[in-house]
>>> print(open('upload_1.txt').read())   # compact mmCIF, C-alpha atoms and all ligand atoms
# COMPACT_ATOMS: atom_id res chain seq x y z
CA MET A 1 34.57 7.07 3.91
CA ARG A 2 32.65 5.31 1.21
CA ILE A 3 29.00 4.49 1.97
CA ASP A 4 27.12 2.09 -0.31
CA ILE A 5 23.36 1.99 0.11
CA LEU A 6 21.40 -0.97 -1.27
CA THR A 7 17.71 -0.19 -1.55
CA LEU A 8 14.59 -0.60 -3.66
CA PHE A 9 13.95 3.14 -3.26
CA PRO A 10 17.15 5.11 -4.02
CA GLU A 11 15.15 8.30 -4.69
CA MET A 12 14.24 8.44 -1.00
CA PHE A 13 17.88 9.26 -0.18
CA GLU A 14 18.50 12.06 -2.63
CA ASN A 15 16.99 14.82 -0.52
CA VAL A 16 18.54 13.74 2.75
CA LEU A 17 22.04 13.21 1.32
CA GLY A 18 21.80 16.45 -0.63
CA HIS A 19 21.36 18.79 2.35
CA SER A 20 23.09 20.12 5.43
CA ILE A 21 25.98 18.21 7.01
CA LEU A 22 25.63 15.14 4.76
CA LYS A 23 25.98 17.34 1.70
CA ILE A 24 28.88 19.32 3.17
CA ALA A 25 30.71 16.07 4.02
CA ARG A 26 30.42 14.99 0.39
CA GLU A 27 31.51 18.41 -0.88
CA LYS A 28 34.58 18.23 1.36
CA ALA A 29 35.29 14.80 -0.19
CA LEU A 30 35.23 13.22 3.26
CA VAL A 31 32.45 10.85 2.24
CA GLN A 32 31.17 9.32 -0.96
CA TYR A 33 27.59 8.00 -1.18
CA ASN A 34 26.78 5.30 -3.74
CA LEU A 35 23.16 4.27 -4.27
CA PHE A 36 22.44 0.82 -5.68
CA ASN A 37 18.93 -0.06 -6.76
CA ILE A 38 18.51 -3.72 -5.77
CA ARG A 39 15.84 -4.13 -8.46
CA GLU A 40 18.43 -3.45 -11.17
CA TYR A 41 20.34 -6.57 -10.11
CA ALA A 42 17.34 -8.93 -10.06
CA GLU A 43 17.08 -11.65 -12.70
CA ASN A 44 13.45 -10.62 -13.09
CA LYS A 45 13.26 -6.88 -12.38
CA ARG A 46 9.52 -7.12 -11.80
CA CYS A 47 9.92 -9.64 -8.99
CA VAL A 48 12.09 -8.77 -5.99
CA ASP A 49 9.77 -10.19 -3.33
CA ASP A 50 7.54 -13.23 -2.93
CA ARG A 51 5.07 -14.91 -0.57
CA PRO A 52 6.59 -16.57 2.51
CA TYR A 53 6.98 -20.35 2.57
CA GLY A 54 4.71 -21.79 5.24
CA GLY A 55 2.16 -19.05 4.68
CA GLY A 56 1.59 -15.84 6.61
CA PRO A 57 0.89 -12.26 5.69
CA GLY A 58 2.94 -9.96 3.47
CA MET A 59 5.84 -10.45 1.12
CA VAL A 60 9.47 -11.34 1.77
CA MET A 61 12.44 -9.90 -0.11
CA LYS A 62 14.08 -12.56 -2.27
CA PRO A 63 17.74 -13.36 -1.56
CA GLU A 64 19.02 -13.35 -5.13
CA PRO A 65 18.67 -9.63 -6.01
CA ILE A 66 20.40 -8.68 -2.74
CA PHE A 67 23.27 -11.18 -3.19
CA ASN A 68 23.64 -10.10 -6.84
CA THR A 69 23.99 -6.46 -5.76
CA VAL A 70 26.53 -7.24 -3.04
CA GLU A 71 28.56 -9.46 -5.38
CA ALA A 72 28.56 -6.78 -8.10
CA ILE A 73 29.95 -4.28 -5.59
CA GLU A 74 32.54 -6.79 -4.34
CA ARG A 75 33.82 -7.29 -7.86
CA GLU A 76 34.82 -3.63 -8.11
CA THR A 77 35.96 -2.86 -4.57
CA ASP A 78 38.31 -3.94 -1.81
CA ALA A 79 37.02 -6.66 0.46
CA ARG A 80 37.53 -4.70 3.67
CA TYR A 81 34.14 -3.20 4.37
CA LYS A 82 31.43 -3.42 6.96
CA LYS A 83 28.04 -4.78 5.91
CA ILE A 84 25.02 -3.60 7.88
CA LEU A 85 21.48 -4.92 7.60
CA LEU A 86 18.79 -2.55 8.83
CA THR A 87 16.20 -4.61 10.67
CA PRO A 88 14.03 -4.26 13.78
CA GLN A 89 15.72 -7.47 15.01
CA GLY A 90 19.18 -5.90 15.09
CA SER A 91 21.24 -4.50 17.97
CA ARG A 92 19.98 -1.15 19.13
CA PHE A 93 21.86 1.63 17.33
CA SER A 94 23.58 4.04 19.72
CA GLN A 95 26.05 6.90 19.84
CA SER A 96 28.81 4.47 20.76
CA ILE A 97 28.07 2.27 17.71
CA ALA A 98 28.03 5.47 15.61
CA ARG A 99 31.49 6.35 16.97
CA ASP A 100 32.82 2.89 16.06
CA LEU A 101 31.33 3.03 12.56
CA ALA A 102 32.82 6.51 12.01
CA THR A 103 36.30 4.90 12.08
CA GLU A 104 35.51 2.56 9.15
CA SER A 105 36.56 3.40 5.60
CA HIS A 106 33.72 1.61 3.80
CA LEU A 107 30.17 0.88 4.96
CA MET A 108 27.49 -1.03 3.08
CA LEU A 109 23.93 -0.44 4.30
CA ILE A 110 21.30 -2.91 3.13
CA CYS A 111 17.68 -1.80 3.42
CA GLY A 112 14.92 -4.36 3.63
CA HIS A 113 11.33 -3.71 2.68
CA TYR A 114 8.00 -5.51 2.88
CA GLU A 115 7.91 -8.08 5.70
CA GLY A 116 11.70 -8.39 5.78
CA PHE A 117 14.47 -10.44 4.21
CA ASP A 118 14.63 -14.10 3.27
CA GLU A 119 16.60 -15.61 6.18
CA ARG A 120 19.43 -16.64 3.82
CA VAL A 121 20.35 -12.96 3.46
CA ARG A 122 21.07 -12.95 7.19
CA ILE A 123 22.87 -16.28 7.16
CA GLY A 124 24.87 -15.79 3.96
CA LEU A 125 25.97 -12.17 4.24
CA ASP A 126 27.36 -12.28 7.77
CA ALA A 127 26.39 -8.64 8.28
CA MET A 128 26.01 -6.59 11.43
CA GLU A 129 22.27 -6.11 12.12
CA LEU A 130 21.12 -2.73 13.40
CA SER A 131 17.75 -1.49 14.63
CA ILE A 132 17.05 2.18 15.35
CA GLY A 133 14.42 1.37 17.99
CA ASP A 134 11.70 -1.00 19.13
CA TYR A 135 9.12 -0.18 16.49
CA VAL A 136 8.55 -1.48 12.99
CA LEU A 137 8.97 0.86 10.03
CA SER A 138 7.90 0.03 6.52
CA GLY A 139 11.50 -0.34 5.37
CA GLY A 140 15.15 0.07 6.26
CA GLU A 141 15.55 3.31 4.30
CA ILE A 142 14.75 5.75 7.10
CA PRO A 143 16.87 3.74 9.59
CA ALA A 144 19.76 3.82 7.07
CA MET A 145 19.44 7.62 6.85
CA VAL A 146 19.50 7.83 10.65
CA VAL A 147 22.67 5.72 10.81
CA ILE A 148 24.36 7.69 8.02
CA ASP A 149 23.57 11.03 9.65
CA ALA A 150 24.79 9.94 13.09
CA VAL A 151 28.01 8.44 11.65
CA VAL A 152 29.00 11.03 9.04
CA ARG A 153 28.88 13.98 11.44
CA LEU A 154 31.47 12.15 13.59
CA ILE A 155 34.02 11.77 10.78
CA PRO A 156 36.91 14.10 11.64
CA GLY A 157 36.71 17.30 9.60
CA VAL A 158 33.01 17.06 8.74
CA LEU A 159 31.85 19.54 11.38
CA GLY A 160 33.68 22.85 11.21
CA ASP A 161 34.26 23.16 14.94
CA LEU A 162 36.28 20.12 15.95
CA ASP A 163 34.98 20.36 19.47
CA SER A 164 31.30 20.44 18.63
CA THR A 165 30.84 16.70 19.02
CA ALA A 166 32.92 16.56 22.22
CA ASN A 167 30.34 18.14 24.51
CA GLU A 168 27.11 16.83 23.05
CA SER A 169 24.61 14.41 24.54
CA PHE A 170 25.63 10.77 25.12
CA ASN A 171 29.33 11.56 25.31
CA ASP A 172 30.41 9.81 28.49
CA SER A 173 26.74 8.77 28.79
CA LEU A 174 25.59 12.20 29.91
CA LEU A 175 23.02 14.46 28.28
CA GLU A 176 24.27 17.81 27.09
CA TYR A 177 24.09 20.81 29.46
CA PRO A 178 21.63 23.65 28.63
CA GLN A 179 22.81 26.01 25.89
CA TYR A 180 21.96 29.68 25.39
CA THR A 181 22.68 32.31 22.76
CA ARG A 182 21.77 36.00 22.33
CA PRO A 183 19.68 37.83 23.52
CA SER A 184 20.63 37.66 27.21
CA GLU A 185 16.96 38.04 28.14
CA TYR A 186 13.97 36.77 26.17
CA LYS A 187 10.31 36.90 27.28
CA GLY A 188 11.52 37.50 30.84
CA MET A 189 13.84 34.44 30.77
CA LYS A 190 17.44 35.32 31.57
CA VAL A 191 20.63 33.57 30.54
CA PRO A 192 22.34 32.31 33.76
CA SER A 193 24.81 35.05 34.71
CA VAL A 194 27.72 32.62 35.20
CA LEU A 195 27.69 31.90 31.44
CA MET A 196 28.32 35.58 30.75
CA SER A 197 30.91 35.99 33.52
CA GLY A 198 33.95 35.05 31.42
CA ASN A 199 35.13 32.78 34.27
CA HIS A 200 35.97 29.60 32.38
CA GLN A 201 36.49 27.50 35.48
CA LYS A 202 33.06 28.44 36.86
CA ILE A 203 31.42 27.97 33.46
CA LYS A 204 32.85 24.44 33.15
CA GLU A 205 31.62 23.58 36.64
CA TRP A 206 28.14 24.91 35.86
CA GLN A 207 28.00 22.93 32.59
CA ARG A 208 29.14 19.70 34.25
CA ASN A 209 26.66 20.09 37.14
CA HIS A 210 23.80 20.78 34.77
CA ALA A 211 24.70 17.86 32.50
CA ILE A 212 24.56 15.55 35.53
CA GLU A 213 21.39 17.12 36.93
CA ARG A 214 19.64 16.89 33.56
CA THR A 215 20.68 13.28 33.06
CA LEU A 216 19.50 12.36 36.58
CA LYS A 217 16.13 13.93 35.83
CA LYS A 218 15.54 12.81 32.24
CA ARG A 219 17.64 9.69 31.67
CA PRO A 220 18.81 8.18 34.97
CA ASP A 221 19.43 4.90 33.13
CA LEU A 222 22.43 6.51 31.38
CA LEU A 223 24.23 7.17 34.66
CA ASN A 224 25.04 3.50 35.10
CA LYS A 225 27.33 3.80 32.09
CA THR A 226 29.15 7.04 32.77
CA THR A 227 32.79 7.21 33.88
CA GLU A 228 31.86 10.33 35.87
CA THR A 229 33.03 9.71 39.45
CA THR A 230 30.51 11.94 41.24
CA ASP A 231 28.45 10.23 43.92
CA PHE A 232 25.01 10.95 42.45
CA ALA A 233 23.17 10.43 45.75
CA ASP A 234 25.33 13.17 47.30
CA TYR A 235 24.83 15.28 44.25
CA THR A 236 21.01 15.10 44.47
CA ASP A 237 21.17 15.99 48.19
CA LYS A 238 23.32 19.01 47.44
CA LYS A 239 21.08 20.41 44.73
N1 LIG B 301 13.22 -1.84 9.39
C1 LIG B 301 11.97 -1.75 9.86
N2 LIG B 301 11.93 -1.29 11.10
C2 LIG B 301 13.22 -1.03 11.46
C3 LIG B 301 13.84 -0.54 12.64
N3 LIG B 301 13.14 -0.20 13.72
N4 LIG B 301 15.18 -0.43 12.64
C4 LIG B 301 15.91 -0.78 11.56
N5 LIG B 301 15.37 -1.26 10.43
C5 LIG B 301 14.04 -1.39 10.37
>>> encode(input="upload_1.txt", output="structure tokens", more="lines below")
Ligand code: ADE
Amino acid sequence: MRIDILTLFPEMFENVLGHSILKIAREKALVQYNLFNIREYAENKRCVDDRPYGGGPGMVMKPEPIFNTVEAIERETDARYKKILLTPQGSRFSQSIARDLATESHLMLICGHYEGFDERVRIGLDAMELSIGDYVLSGGEIPAMVVIDAVVRLIPGVLGDLDSTANESFNDSLLEYPQYTRPSEYKGMKVPSVLMSGNHQKIKEWQRNHAIERTLKKRPDLLNKTTETTDFADYTDKK
């Protein structure tokens, strides 16, 4: 996958892309990150934002440096790619959107700053708009990093253990079951004996029950979306 990032602050990405899974994905040549400094494509490099027409606080990012950057990329690449604007007005980013994006071959993430984009960026680029949550950050850079991290780890081959994304939280709209590692007892807290029993059938049952129980307790809203066929009312009675 190729990921193009359009930003006024490319340096912000270097650390995040240069560590852990995002770095490994690049080293395995499963992903390529390209940073584009929007300022470099502005007709006047000292002026990438301006006061809003009609008045109001703050500055708005001008359309021309963003369009210039996108058009420069389009001149040297195939046209089949997904454009994403990071904005608090976008659809709420989720694990299922991450799964869809992980199947794309080319993503372009466009980070706004200041009070947002000139509306013609929205109208003219026809991009998907994504928000990482109902709060306003000072720019789209951190949201872009969140999206990249969530997507890249789902690209086949990025994580060593192919199964390690299969059981994690939000798959089938359930939270992940509790996990333990050595030692078997720590500060008086014991690992549930079934997990050390070697009985795979029983272990699977325990994990499924605990995933449901945990989701019921912490995120009951998710259970409306699961394909799990358990009757949750019965389940709560039984526990
Ligand atoms: N830019 C500023 N706030 C944001 C948010 N919550 N999500 C995505 N982009 C943003």
>>> residues_around(input="upload_1.txt", residues="stretch 174-177 of chain A", least_positions_apart="2", cutoff="8 Å", atoms="all atoms listed in the file", output="number ranges by chain")
A: 167-172, 179, 207-208, 210-212, 214-215, 219, 222-223, 226
>>> residues_around(input="upload_1.txt", residues="A:Phe117", least_positions_apart="2", cutoff="8 Å", atoms="all atoms listed in the file", output="list in words")
Val60, Met61, Lys62, Pro63, Gly112, His113, Glu115, Glu119, Arg120, Val121 and Arg122 of chain A
>>> residues_around(input="upload_1.txt", residues="stretch 87-94 of chain A", least_positions_apart="6", cutoff="9 Å", atoms="only C-alpha atoms", output="PyMOL selection string")
chain A and resi 111-112+116-117+128-137+139-140+143+147+150+170
>>> write_last_selection(input="upload_1.txt", atoms="C-alpha atoms", output="mmCIF file, in the frame of the given file")
data_model
loop_
_atom_site.group_PDB
_atom_site.id
_atom_site.type_symbol
_atom_site.label_atom_id
_atom_site.label_comp_id
_atom_site.auth_asym_id
_atom_site.auth_seq_id
_atom_site.Cartn_x
_atom_site.Cartn_y
_atom_site.Cartn_z
ATOM 1 C CA CYS A 111 17.680 -1.800 3.420
ATOM 2 C CA GLY A 112 14.920 -4.360 3.630
ATOM 3 C CA GLY A 116 11.700 -8.390 5.780
ATOM 4 C CA PHE A 117 14.470 -10.440 4.210
ATOM 5 C CA MET A 128 26.010 -6.590 11.430
ATOM 6 C CA GLU A 129 22.270 -6.110 12.120
ATOM 7 C CA LEU A 130 21.120 -2.730 13.400
ATOM 8 C CA SER A 131 17.750 -1.490 14.630
ATOM 9 C CA ILE A 132 17.050 2.180 15.350
ATOM 10 C CA GLY A 133 14.420 1.370 17.990
ATOM 11 C CA ASP A 134 11.700 -1.000 19.130
ATOM 12 C CA TYR A 135 9.120 -0.180 16.490
ATOM 13 C CA VAL A 136 8.550 -1.480 12.990
ATOM 14 C CA LEU A 137 8.970 0.860 10.030
ATOM 15 C CA GLY A 139 11.500 -0.340 5.370
ATOM 16 C CA GLY A 140 15.150 0.070 6.260
ATOM 17 C CA PRO A 143 16.870 3.740 9.590
ATOM 18 C CA VAL A 147 22.670 5.720 10.810
ATOM 19 C CA ALA A 150 24.790 9.940 13.090
ATOM 20 C CA PHE A 170 25.630 10.770 25.120
#
>>> atom_distance(input="upload_1.txt", atom1="atom CA of A:Phe36", atom2="atom CA of A:Pro156")
26.2 Å
>>> residues_around(input="upload_1.txt", residues="A:Ala25", least_positions_apart="3", cutoff="8 Å", atoms="only C-alpha atoms", output="short mmCIF file (atom, residue, chain, number, x, y, z; two decimals) with C-alpha atoms, in the frame of the given file")
data_model
loop_
_atom_site.label_atom_id
_atom_site.label_comp_id
_atom_site.auth_asym_id
_atom_site.auth_seq_id
_atom_site.Cartn_x
_atom_site.Cartn_y
_atom_site.Cartn_z
CA ILE A 21 25.98 18.21 7.01
CA LEU A 22 25.63 15.14 4.76
CA LYS A 28 34.58 18.23 1.36
CA ALA A 29 35.29 14.80 -0.19
CA LEU A 30 35.23 13.22 3.26
CA VAL A 31 32.45 10.85 2.24
CA VAL A 152 29.00 11.03 9.04
CA ARG A 153 28.88 13.98 11.44
CA VAL A 158 33.01 17.06 8.74
#
>>> closest_residue(input="upload_1.txt", among="A:Asp78, A:Asp49, A:Asp100, A:Glu141", to="ligand LIG 301 (chain B)", atoms="only C-alpha atoms and all ligand atoms")
A:Glu141
>>> atom_distance(input="upload_1.txt", atom1="atom CA of A:Leu109", atom2="atom CA of A:Leu6")
6.1 Å
>>> atom_distance(input="upload_1.txt", atom1="atom CA of A:Gly56", atom2="atom CA of A:Met12")
28.4 Å
>>> residues_around(input="upload_1.txt", residues="A:Phe13", least_positions_apart="4", cutoff="9 Å", atoms="only C-alpha atoms", output="NGL selection string")
:A and (9 or 17-18 or 35 or 141-142 or 145)
>>> write_last_selection(input="upload_1.txt", atoms="C-alpha atoms", output="CSV table (one decimal), in the coordinates of the input")
chain,number,residue,atom,x,y,z
A,9,PHE,CA,14.0,3.1,-3.3
A,17,LEU,CA,22.0,13.2,1.3
A,18,GLY,CA,21.8,16.4,-0.6
A,35,LEU,CA,23.2,4.3,-4.3
A,141,GLU,CA,15.6,3.3,4.3
A,142,ILE,CA,14.8,5.8,7.1
A,145,MET,CA,19.4,7.6,6.8
>>> axis_aligned_box(input="upload_1.txt", around="stretch 59-71 of chain A", padding_each_side="8 Å", output="JSON")
{"center_x": 17.2, "center_y": -9.9, "center_z": -2.5, "size_x": 38.7, "size_y": 22.9, "size_z": 24.6}
>>> closest_residue(input="upload_1.txt", among="A:Gly58, A:Ala144, A:Asp126, A:Leu8", to="ligand LIG 301 (chain B)", atoms="all atoms listed in the file")
A:Ala144
>>> closest_residue(input="upload_1.txt", among="A:Leu85, A:Tyr33, A:Arg2, A:Glu71", to="ligand LIG 301 (chain B)", atoms="only C-alpha atoms and all ligand atoms")
A:Leu85
>>> closest_residue(input="upload_1.txt", among="A:Val146, A:Ala166, A:Ile5, A:Leu101", to="ligand LIG 301 (chain B)", atoms="all atoms listed in the file")
A:Val146
>>> closest_residue(input="upload_1.txt", among="A:Met59, A:Arg51, A:Val151, A:Gly124", to="A:Ile97", atoms="all atoms listed in the file")
A:Val151
